[in-house]
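Have a look at the structure below before the remarks.
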Amino acid sequence: MTNSQELIISLSGRYAAAFGFLATTKTPTAVRVSNDYSVVTYPDAEGDFEGMEFIYDGNSLKFGDMLLASEFDGLIAPPPIINFTQDKDLIETQINGTDNLVIERWGTRPYDIRMRGLLIDVKNRRYPEDIIKQLYRLFKYNNVVDVVGTQFFDKDIKTIYFTGIEFSPVQGFEDTIQFALIARSISPVSFTLTNPNL
């Protein structure tokens with residue numbers, strides 16, 4: 001792009017191809033990328049609750065702004081769509097001869113988390129190899145990952161671990177890759193064998 005040119009990237013078509021028609025109702029319809037790769041969204045985003053950061057082994061990967069960190073110059077990564085699922089962990093005993101149940105123990109299981117997003121190379125208009133490698137390094141890290149972001153904090157999630165990753169091409173868009181990260185929340189153990197009542 002020369003100094004006087006701007007590039008309009010249609011996000012609605014990419015979201016429709018990646019996630020289905022209904023996903024386009026909550027996303028910006030287009031972004032304008034100027035020669036310095038600053039991004040203006042239409043319509044304006046509401047707040048920054050979608051922002052998130054993964055911190056692991058001295059590394060950090062942030063989502064939230066349309067553009068990723070400067071080492072990924074020319075890459076657009078709209079904030080991922082996150083699904084949180086949590087179940088109760090119950091021990092139930094049925095009373096003989098009745099339909100009644102006695103709940104002997106109550107608890108909650110960790111959150112199952114599925115993050116789905118898009119990676120778009122607007123500079124070279126090709127397969128976004130560098131950020132895919134970065135996401136894969138995050139997935140390959142075999143320990144807990146610290147998370148920062150409103151959607152995690154309001155559910156008391158501070159750390160997660162990854163259980164799966166997916167990469168899929170988006171039909172009709174060579175420069176766009178759909179990804180999914182599957183994770184589970186984890187809390188530190190608050191007791192030890194020497195201090196079992198903590």
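Identifiers in the structure tokens: chain A, B, ... in order shown; residue index from 1 per chain; ligand index from 1 in order shown.
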Quick one: everything within 12 Å of Ser185 in chain A, counting only C-alpha atoms, minus sequence neighbours fewer than 6 positions away in the same chain. Send it as a PyMOL selection string.
chain A and resi 84-86+108-114+144-147+152-153+155-163
Could you give me, as a PDB file with N, CA and C atoms, in the first residue's frame, each residue of range 38-178 of chain A that DSSP assigns to strand (DSSP E or B) when run on this structure's backbone?
```
ATOM      1  N   VAL A  39      -6.253   0.647  12.937  1.00  0.00           N
ATOM      2  CA  VAL A  39      -7.537   0.046  12.594  1.00  0.00           C
ATOM      3  C   VAL A  39      -8.674   0.882  13.155  1.00  0.00           C
ATOM      4  N   VAL A  40      -9.673   1.134  12.316  1.00  0.00           N
ATOM      5  CA  VAL A  40     -10.914   1.769  12.740  1.00  0.00           C
ATOM      6  C   VAL A  40     -12.008   0.748  12.506  1.00  0.00           C
ATOM      7  N   THR A  41     -12.836   0.481  13.523  1.00  0.00           N
ATOM      8  CA  THR A  41     -13.897  -0.505  13.358  1.00  0.00           C
ATOM      9  C   THR A  41     -15.223   0.202  13.143  1.00  0.00           C
ATOM     10  N   TYR A  42     -16.121  -0.449  12.410  1.00  0.00           N
ATOM     11  CA  TYR A  42     -17.469   0.057  12.164  1.00  0.00           C
ATOM     12  C   TYR A  42     -18.453  -1.050  12.488  1.00  0.00           C
ATOM     13  N   MET A  52      -8.052  -9.925  26.391  1.00  0.00           N
ATOM     14  CA  MET A  52      -7.516 -11.005  27.215  1.00  0.00           C
ATOM     15  C   MET A  52      -6.027 -11.162  26.952  1.00  0.00           C
ATOM     16  N   GLU A  53      -5.347 -11.692  27.945  1.00  0.00           N
ATOM     17  CA  GLU A  53      -3.906 -11.923  27.826  1.00  0.00           C
ATOM     18  C   GLU A  53      -3.584 -13.276  28.426  1.00  0.00           C
ATOM     19  N   PHE A  54      -2.732 -14.025  27.738  1.00  0.00           N
ATOM     20  CA  PHE A  54      -2.231 -15.304  28.233  1.00  0.00           C
ATOM     21  C   PHE A  54      -0.760 -15.114  28.584  1.00  0.00           C
ATOM     22  N   ILE A  55      -0.383 -15.462  29.808  1.00  0.00           N
ATOM     23  CA  ILE A  55       0.995 -15.275  30.273  1.00  0.00           C
ATOM     24  C   ILE A  55       1.545 -16.643  30.662  1.00  0.00           C
ATOM     25  N   TYR A  56       2.676 -17.001  30.063  1.00  0.00           N
ATOM     26  CA  TYR A  56       3.264 -18.307  30.335  1.00  0.00           C
ATOM     27  C   TYR A  56       4.765 -18.257  30.097  1.00  0.00           C
ATOM     28  N   ASN A  59       6.449 -15.404  28.551  1.00  0.00           N
ATOM     29  CA  ASN A  59       5.866 -14.947  27.285  1.00  0.00           C
ATOM     30  C   ASN A  59       4.456 -14.433  27.520  1.00  0.00           C
ATOM     31  N   SER A  60       3.965 -13.642  26.578  1.00  0.00           N
ATOM     32  CA  SER A  60       2.623 -13.095  26.682  1.00  0.00           C
ATOM     33  C   SER A  60       2.009 -13.024  25.288  1.00  0.00           C
ATOM     34  N   LEU A  61       0.726 -13.356  25.209  1.00  0.00           N
ATOM     35  CA  LEU A  61      -0.028 -13.236  23.967  1.00  0.00           C
ATOM     36  C   LEU A  61      -1.335 -12.539  24.297  1.00  0.00           C
ATOM     37  N   LYS A  62      -1.584 -11.383  23.646  1.00  0.00           N
ATOM     38  CA  LYS A  62      -2.756 -10.558  23.953  1.00  0.00           C
ATOM     39  C   LYS A  62      -3.739 -10.574  22.791  1.00  0.00           C
ATOM     40  N   PHE A  63      -5.022 -10.593  23.144  1.00  0.00           N
ATOM     41  CA  PHE A  63      -6.100 -10.385  22.190  1.00  0.00           C
ATOM     42  C   PHE A  63      -6.974  -9.263  22.729  1.00  0.00           C
ATOM     43  N   LEU A  67      -5.524  -5.349  16.058  1.00  0.00           N
ATOM     44  CA  LEU A  67      -4.170  -5.725  15.651  1.00  0.00           C
ATOM     45  C   LEU A  67      -3.463  -6.377  16.815  1.00  0.00           C
ATOM     46  N   LEU A  75      -1.129  -8.142  10.942  1.00  0.00           N
ATOM     47  CA  LEU A  75      -2.065  -9.225  11.234  1.00  0.00           C
ATOM     48  C   LEU A  75      -3.248  -8.699  12.031  1.00  0.00           C
ATOM     49  N   ILE A  76      -4.451  -9.047  11.609  1.00  0.00           N
ATOM     50  CA  ILE A  76      -5.655  -8.707  12.360  1.00  0.00           C
ATOM     51  C   ILE A  76      -6.126  -9.970  13.064  1.00  0.00           C
ATOM     52  N   ILE A  81     -14.312 -15.478  20.275  1.00  0.00           N
ATOM     53  CA  ILE A  81     -15.602 -15.752  20.881  1.00  0.00           C
ATOM     54  C   ILE A  81     -15.359 -16.857  21.911  1.00  0.00           C
ATOM     55  N   ILE A  82     -15.733 -16.612  23.178  1.00  0.00           N
ATOM     56  CA  ILE A  82     -15.427 -17.568  24.245  1.00  0.00           C
ATOM     57  C   ILE A  82     -16.712 -18.165  24.795  1.00  0.00           C
ATOM     58  N   ASN A  83     -16.734 -19.493  24.912  1.00  0.00           N
ATOM     59  CA  ASN A  83     -17.834 -20.206  25.560  1.00  0.00           C
ATOM     60  C   ASN A  83     -17.309 -20.797  26.859  1.00  0.00           C
ATOM     61  N   PHE A  84     -18.028 -20.547  27.951  1.00  0.00           N
ATOM     62  CA  PHE A  84     -17.693 -21.105  29.254  1.00  0.00           C
ATOM     63  C   PHE A  84     -18.797 -22.087  29.641  1.00  0.00           C
ATOM     64  N   THR A  85     -18.415 -23.286  30.072  1.00  0.00           N
ATOM     65  CA  THR A  85     -19.371 -24.285  30.536  1.00  0.00           C
ATOM     66  C   THR A  85     -18.882 -24.838  31.862  1.00  0.00           C
ATOM     67  N   LYS A  88     -22.067 -29.027  37.974  1.00  0.00           N
ATOM     68  CA  LYS A  88     -21.984 -29.361  39.391  1.00  0.00           C
ATOM     69  C   LYS A  88     -21.346 -30.740  39.544  1.00  0.00           C
ATOM     70  N   ILE A  91     -22.645 -35.895  44.682  1.00  0.00           N
ATOM     71  CA  ILE A  91     -22.810 -37.302  45.037  1.00  0.00           C
ATOM     72  C   ILE A  91     -24.251 -37.454  45.498  1.00  0.00           C
ATOM     73  N   GLU A  92     -25.023 -38.216  44.719  1.00  0.00           N
ATOM     74  CA  GLU A  92     -26.452 -38.363  44.965  1.00  0.00           C
ATOM     75  C   GLU A  92     -26.752 -39.804  45.397  1.00  0.00           C
ATOM     76  N   THR A  93     -27.597 -39.944  46.412  1.00  0.00           N
ATOM     77  CA  THR A  93     -28.031 -41.262  46.869  1.00  0.00           C
ATOM     78  C   THR A  93     -29.546 -41.302  46.842  1.00  0.00           C
ATOM     79  N   GLN A  94     -30.083 -42.293  46.142  1.00  0.00           N
ATOM     80  CA  GLN A  94     -31.537 -42.434  46.071  1.00  0.00           C
ATOM     81  C   GLN A  94     -32.019 -43.208  47.294  1.00  0.00           C
ATOM     82  N   LEU A 101     -34.055 -38.075  46.431  1.00  0.00           N
ATOM     83  CA  LEU A 101     -32.597 -38.154  46.407  1.00  0.00           C
ATOM     84  C   LEU A 101     -32.035 -37.397  47.598  1.00  0.00           C
ATOM     85  N   VAL A 102     -30.929 -37.877  48.098  1.00  0.00           N
ATOM     86  CA  VAL A 102     -30.177 -37.155  49.118  1.00  0.00           C
ATOM     87  C   VAL A 102     -28.860 -36.738  48.478  1.00  0.00           C
ATOM     88  N   ILE A 103     -28.576 -35.440  48.541  1.00  0.00           N
ATOM     89  CA  ILE A 103     -27.296 -34.950  48.028  1.00  0.00           C
ATOM     90  C   ILE A 103     -26.291 -35.028  49.174  1.00  0.00           C
ATOM     91  N   GLU A 104     -25.311 -35.894  49.041  1.00  0.00           N
ATOM     92  CA  GLU A 104     -24.346 -36.101  50.122  1.00  0.00           C
ATOM     93  C   GLU A 104     -23.173 -35.130  50.040  1.00  0.00           C
ATOM     94  N   ARG A 105     -22.868 -34.684  48.843  1.00  0.00           N
ATOM     95  CA  ARG A 105     -21.744 -33.752  48.707  1.00  0.00           C
ATOM     96  C   ARG A 105     -22.015 -32.830  47.535  1.00  0.00           C
ATOM     97  N   THR A 108     -18.430 -27.922  42.599  1.00  0.00           N
ATOM     98  CA  THR A 108     -18.480 -27.491  41.200  1.00  0.00           C
ATOM     99  C   THR A 108     -17.225 -27.960  40.496  1.00  0.00           C
ATOM    100  N   ASP A 112     -15.087 -25.588  31.522  1.00  0.00           N
ATOM    101  CA  ASP A 112     -14.596 -25.979  30.201  1.00  0.00           C
ATOM    102  C   ASP A 112     -14.707 -24.740  29.329  1.00  0.00           C
ATOM    103  N   ILE A 113     -13.610 -24.382  28.663  1.00  0.00           N
ATOM    104  CA  ILE A 113     -13.529 -23.117  27.928  1.00  0.00           C
ATOM    105  C   ILE A 113     -13.185 -23.415  26.473  1.00  0.00           C
ATOM    106  N   ARG A 114     -13.954 -22.811  25.569  1.00  0.00           N
ATOM    107  CA  ARG A 114     -13.668 -22.937  24.121  1.00  0.00           C
ATOM    108  C   ARG A 114     -13.579 -21.541  23.536  1.00  0.00           C
ATOM    109  N   MET A 115     -12.401 -21.208  22.973  1.00  0.00           N
ATOM    110  CA  MET A 115     -12.153 -19.898  22.377  1.00  0.00           C
ATOM    111  C   MET A 115     -12.015 -20.065  20.871  1.00  0.00           C
ATOM    112  N   ARG A 116     -12.855 -19.357  20.124  1.00  0.00           N
ATOM    113  CA  ARG A 116     -12.823 -19.449  18.661  1.00  0.00           C
ATOM    114  C   ARG A 116     -12.558 -18.073  18.078  1.00  0.00           C
ATOM    115  N   GLY A 117     -11.640 -18.008  17.119  1.00  0.00           N
ATOM    116  CA  GLY A 117     -11.314 -16.720  16.529  1.00  0.00           C
ATOM    117  C   GLY A 117     -10.781 -16.842  15.114  1.00  0.00           C
ATOM    118  N   LEU A 118     -10.417 -15.680  14.563  1.00  0.00           N
ATOM    119  CA  LEU A 118      -9.873 -15.596  13.210  1.00  0.00           C
ATOM    120  C   LEU A 118      -8.515 -14.915  13.240  1.00  0.00           C
ATOM    121  N   LEU A 119      -7.646 -15.318  12.336  1.00  0.00           N
ATOM    122  CA  LEU A 119      -6.358 -14.671  12.109  1.00  0.00           C
ATOM    123  C   LEU A 119      -6.325 -14.241  10.645  1.00  0.00           C
ATOM    124  N   ILE A 120      -6.072 -12.954  10.389  1.00  0.00           N
ATOM    125  CA  ILE A 120      -6.118 -12.419   9.021  1.00  0.00           C
ATOM    126  C   ILE A 120      -4.826 -11.679   8.729  1.00  0.00           C
ATOM    127  N   ASP A 121      -4.118 -12.074   7.698  1.00  0.00           N
ATOM    128  CA  ASP A 121      -2.892 -11.394   7.270  1.00  0.00           C
ATOM    129  C   ASP A 121      -3.268 -10.339   6.225  1.00  0.00           C
ATOM    130  N   VAL A 145      -1.366 -21.742  32.602  1.00  0.00           N
ATOM    131  CA  VAL A 145      -1.179 -20.453  31.947  1.00  0.00           C
ATOM    132  C   VAL A 145      -2.009 -19.427  32.710  1.00  0.00           C
ATOM    133  N   ASP A 146      -1.389 -18.305  33.088  1.00  0.00           N
ATOM    134  CA  ASP A 146      -2.126 -17.228  33.738  1.00  0.00           C
ATOM    135  C   ASP A 146      -2.965 -16.497  32.701  1.00  0.00           C
ATOM    136  N   VAL A 147      -4.187 -16.124  33.083  1.00  0.00           N
ATOM    137  CA  VAL A 147      -5.071 -15.392  32.178  1.00  0.00           C
ATOM    138  C   VAL A 147      -5.464 -14.070  32.813  1.00  0.00           C
ATOM    139  N   VAL A 148      -5.565 -13.043  31.969  1.00  0.00           N
ATOM    140  CA  VAL A 148      -5.985 -11.716  32.397  1.00  0.00           C
ATOM    141  C   VAL A 148      -7.103 -11.282  31.459  1.00  0.00           C
ATOM    142  N   THR A 159      -6.111 -19.043  36.280  1.00  0.00           N
ATOM    143  CA  THR A 159      -5.202 -19.905  35.540  1.00  0.00           C
ATOM    144  C   THR A 159      -6.001 -20.962  34.777  1.00  0.00           C
ATOM    145  N   ILE A 160      -5.451 -21.365  33.640  1.00  0.00           N
ATOM    146  CA  ILE A 160      -6.072 -22.402  32.811  1.00  0.00           C
ATOM    147  C   ILE A 160      -4.980 -23.337  32.304  1.00  0.00           C
ATOM    148  N   TYR A 161      -5.395 -24.457  31.763  1.00  0.00           N
ATOM    149  CA  TYR A 161      -4.484 -25.311  31.005  1.00  0.00           C
ATOM    150  C   TYR A 161      -5.208 -25.737  29.739  1.00  0.00           C
ATOM    151  N   PHE A 162      -4.440 -25.955  28.677  1.00  0.00           N
ATOM    152  CA  PHE A 162      -5.017 -26.251  27.365  1.00  0.00           C
ATOM    153  C   PHE A 162      -5.143 -27.746  27.145  1.00  0.00           C
ATOM    154  N   THR A 163      -6.266 -28.140  26.543  1.00  0.00           N
ATOM    155  CA  THR A 163      -6.513 -29.553  26.254  1.00  0.00           C
ATOM    156  C   THR A 163      -6.660 -29.832  24.766  1.00  0.00           C
ATOM    157  N   GLY A 164      -6.806 -28.793  23.943  1.00  0.00           N
ATOM    158  CA  GLY A 164      -6.973 -29.016  22.508  1.00  0.00           C
ATOM    159  C   GLY A 164      -6.770 -27.743  21.709  1.00  0.00           C
ATOM    160  N   ILE A 165      -6.450 -27.910  20.442  1.00  0.00           N
ATOM    161  CA  ILE A 165      -6.282 -26.778  19.522  1.00  0.00           C
ATOM    162  C   ILE A 165      -6.758 -27.218  18.148  1.00  0.00           C
ATOM    163  N   GLU A 166      -7.336 -26.286  17.394  1.00  0.00           N
ATOM    164  CA  GLU A 166      -7.805 -26.572  16.029  1.00  0.00           C
ATOM    165  C   GLU A 166      -7.442 -25.394  15.128  1.00  0.00           C
ATOM    166  N   PHE A 167      -7.029 -25.704  13.907  1.00  0.00           N
ATOM    167  CA  PHE A 167      -6.820 -24.698  12.870  1.00  0.00           C
ATOM    168  C   PHE A 167      -7.597 -25.135  11.643  1.00  0.00           C
ATOM    169  N   SER A 168      -8.373 -24.219  11.056  1.00  0.00           N
ATOM    170  CA  SER A 168      -9.158 -24.546   9.869  1.00  0.00           C
ATOM    171  C   SER A 168      -9.074 -23.401   8.877  1.00  0.00           C
ATOM    172  N   PRO A 169      -8.934 -23.704   7.581  1.00  0.00           N
ATOM    173  CA  PRO A 169      -9.006 -22.636   6.581  1.00  0.00           C
ATOM    174  C   PRO A 169     -10.429 -22.114   6.474  1.00  0.00           C
ATOM    175  N   VAL A 170     -10.559 -20.865   6.033  1.00  0.00           N
ATOM    176  CA  VAL A 170     -11.869 -20.273   5.796  1.00  0.00           C
ATOM    177  C   VAL A 170     -12.071 -20.226   4.288  1.00  0.00           C
ATOM    178  N   PHE A 173     -11.150 -17.337   1.502  1.00  0.00           N
ATOM    179  CA  PHE A 173     -10.270 -16.313   2.060  1.00  0.00           C
ATOM    180  C   PHE A 173      -8.907 -16.941   2.361  1.00  0.00           C
ATOM    181  N   GLU A 174      -7.990 -16.834   1.410  1.00  0.00           N
ATOM    182  CA  GLU A 174      -6.673 -17.457   1.551  1.00  0.00           C
ATOM    183  C   GLU A 174      -5.884 -16.891   2.727  1.00  0.00           C
ATOM    184  N   ASP A 175      -6.122 -15.614   3.058  1.00  0.00           N
ATOM    185  CA  ASP A 175      -5.350 -14.950   4.104  1.00  0.00           C
ATOM    186  C   ASP A 175      -5.955 -15.106   5.498  1.00  0.00           C
ATOM    187  N   THR A 176      -6.986 -15.933   5.659  1.00  0.00           N
ATOM    188  CA  THR A 176      -7.722 -16.047   6.918  1.00  0.00           C
ATOM    189  C   THR A 176      -7.735 -17.495   7.400  1.00  0.00           C
ATOM    190  N   ILE A 177      -7.416 -17.675   8.677  1.00  0.00           N
ATOM    191  CA  ILE A 177      -7.442 -18.987   9.316  1.00  0.00           C
ATOM    192  C   ILE A 177      -8.343 -18.905  10.546  1.00  0.00           C
ATOM    193  N   GLN A 178      -9.197 -19.894  10.702  1.00  0.00           N
ATOM    194  CA  GLN A 178     -10.033 -20.000  11.896  1.00  0.00           C
ATOM    195  C   GLN A 178      -9.295 -20.881  12.899  1.00  0.00           C
TER     196      GLN A 178
END
```
Nearest residue to Pro80 in chain A from the set A:Glu50, A:Trp106, A:Pro128, A:Gly58 (distances using only C-alpha atoms):
A:Glu50
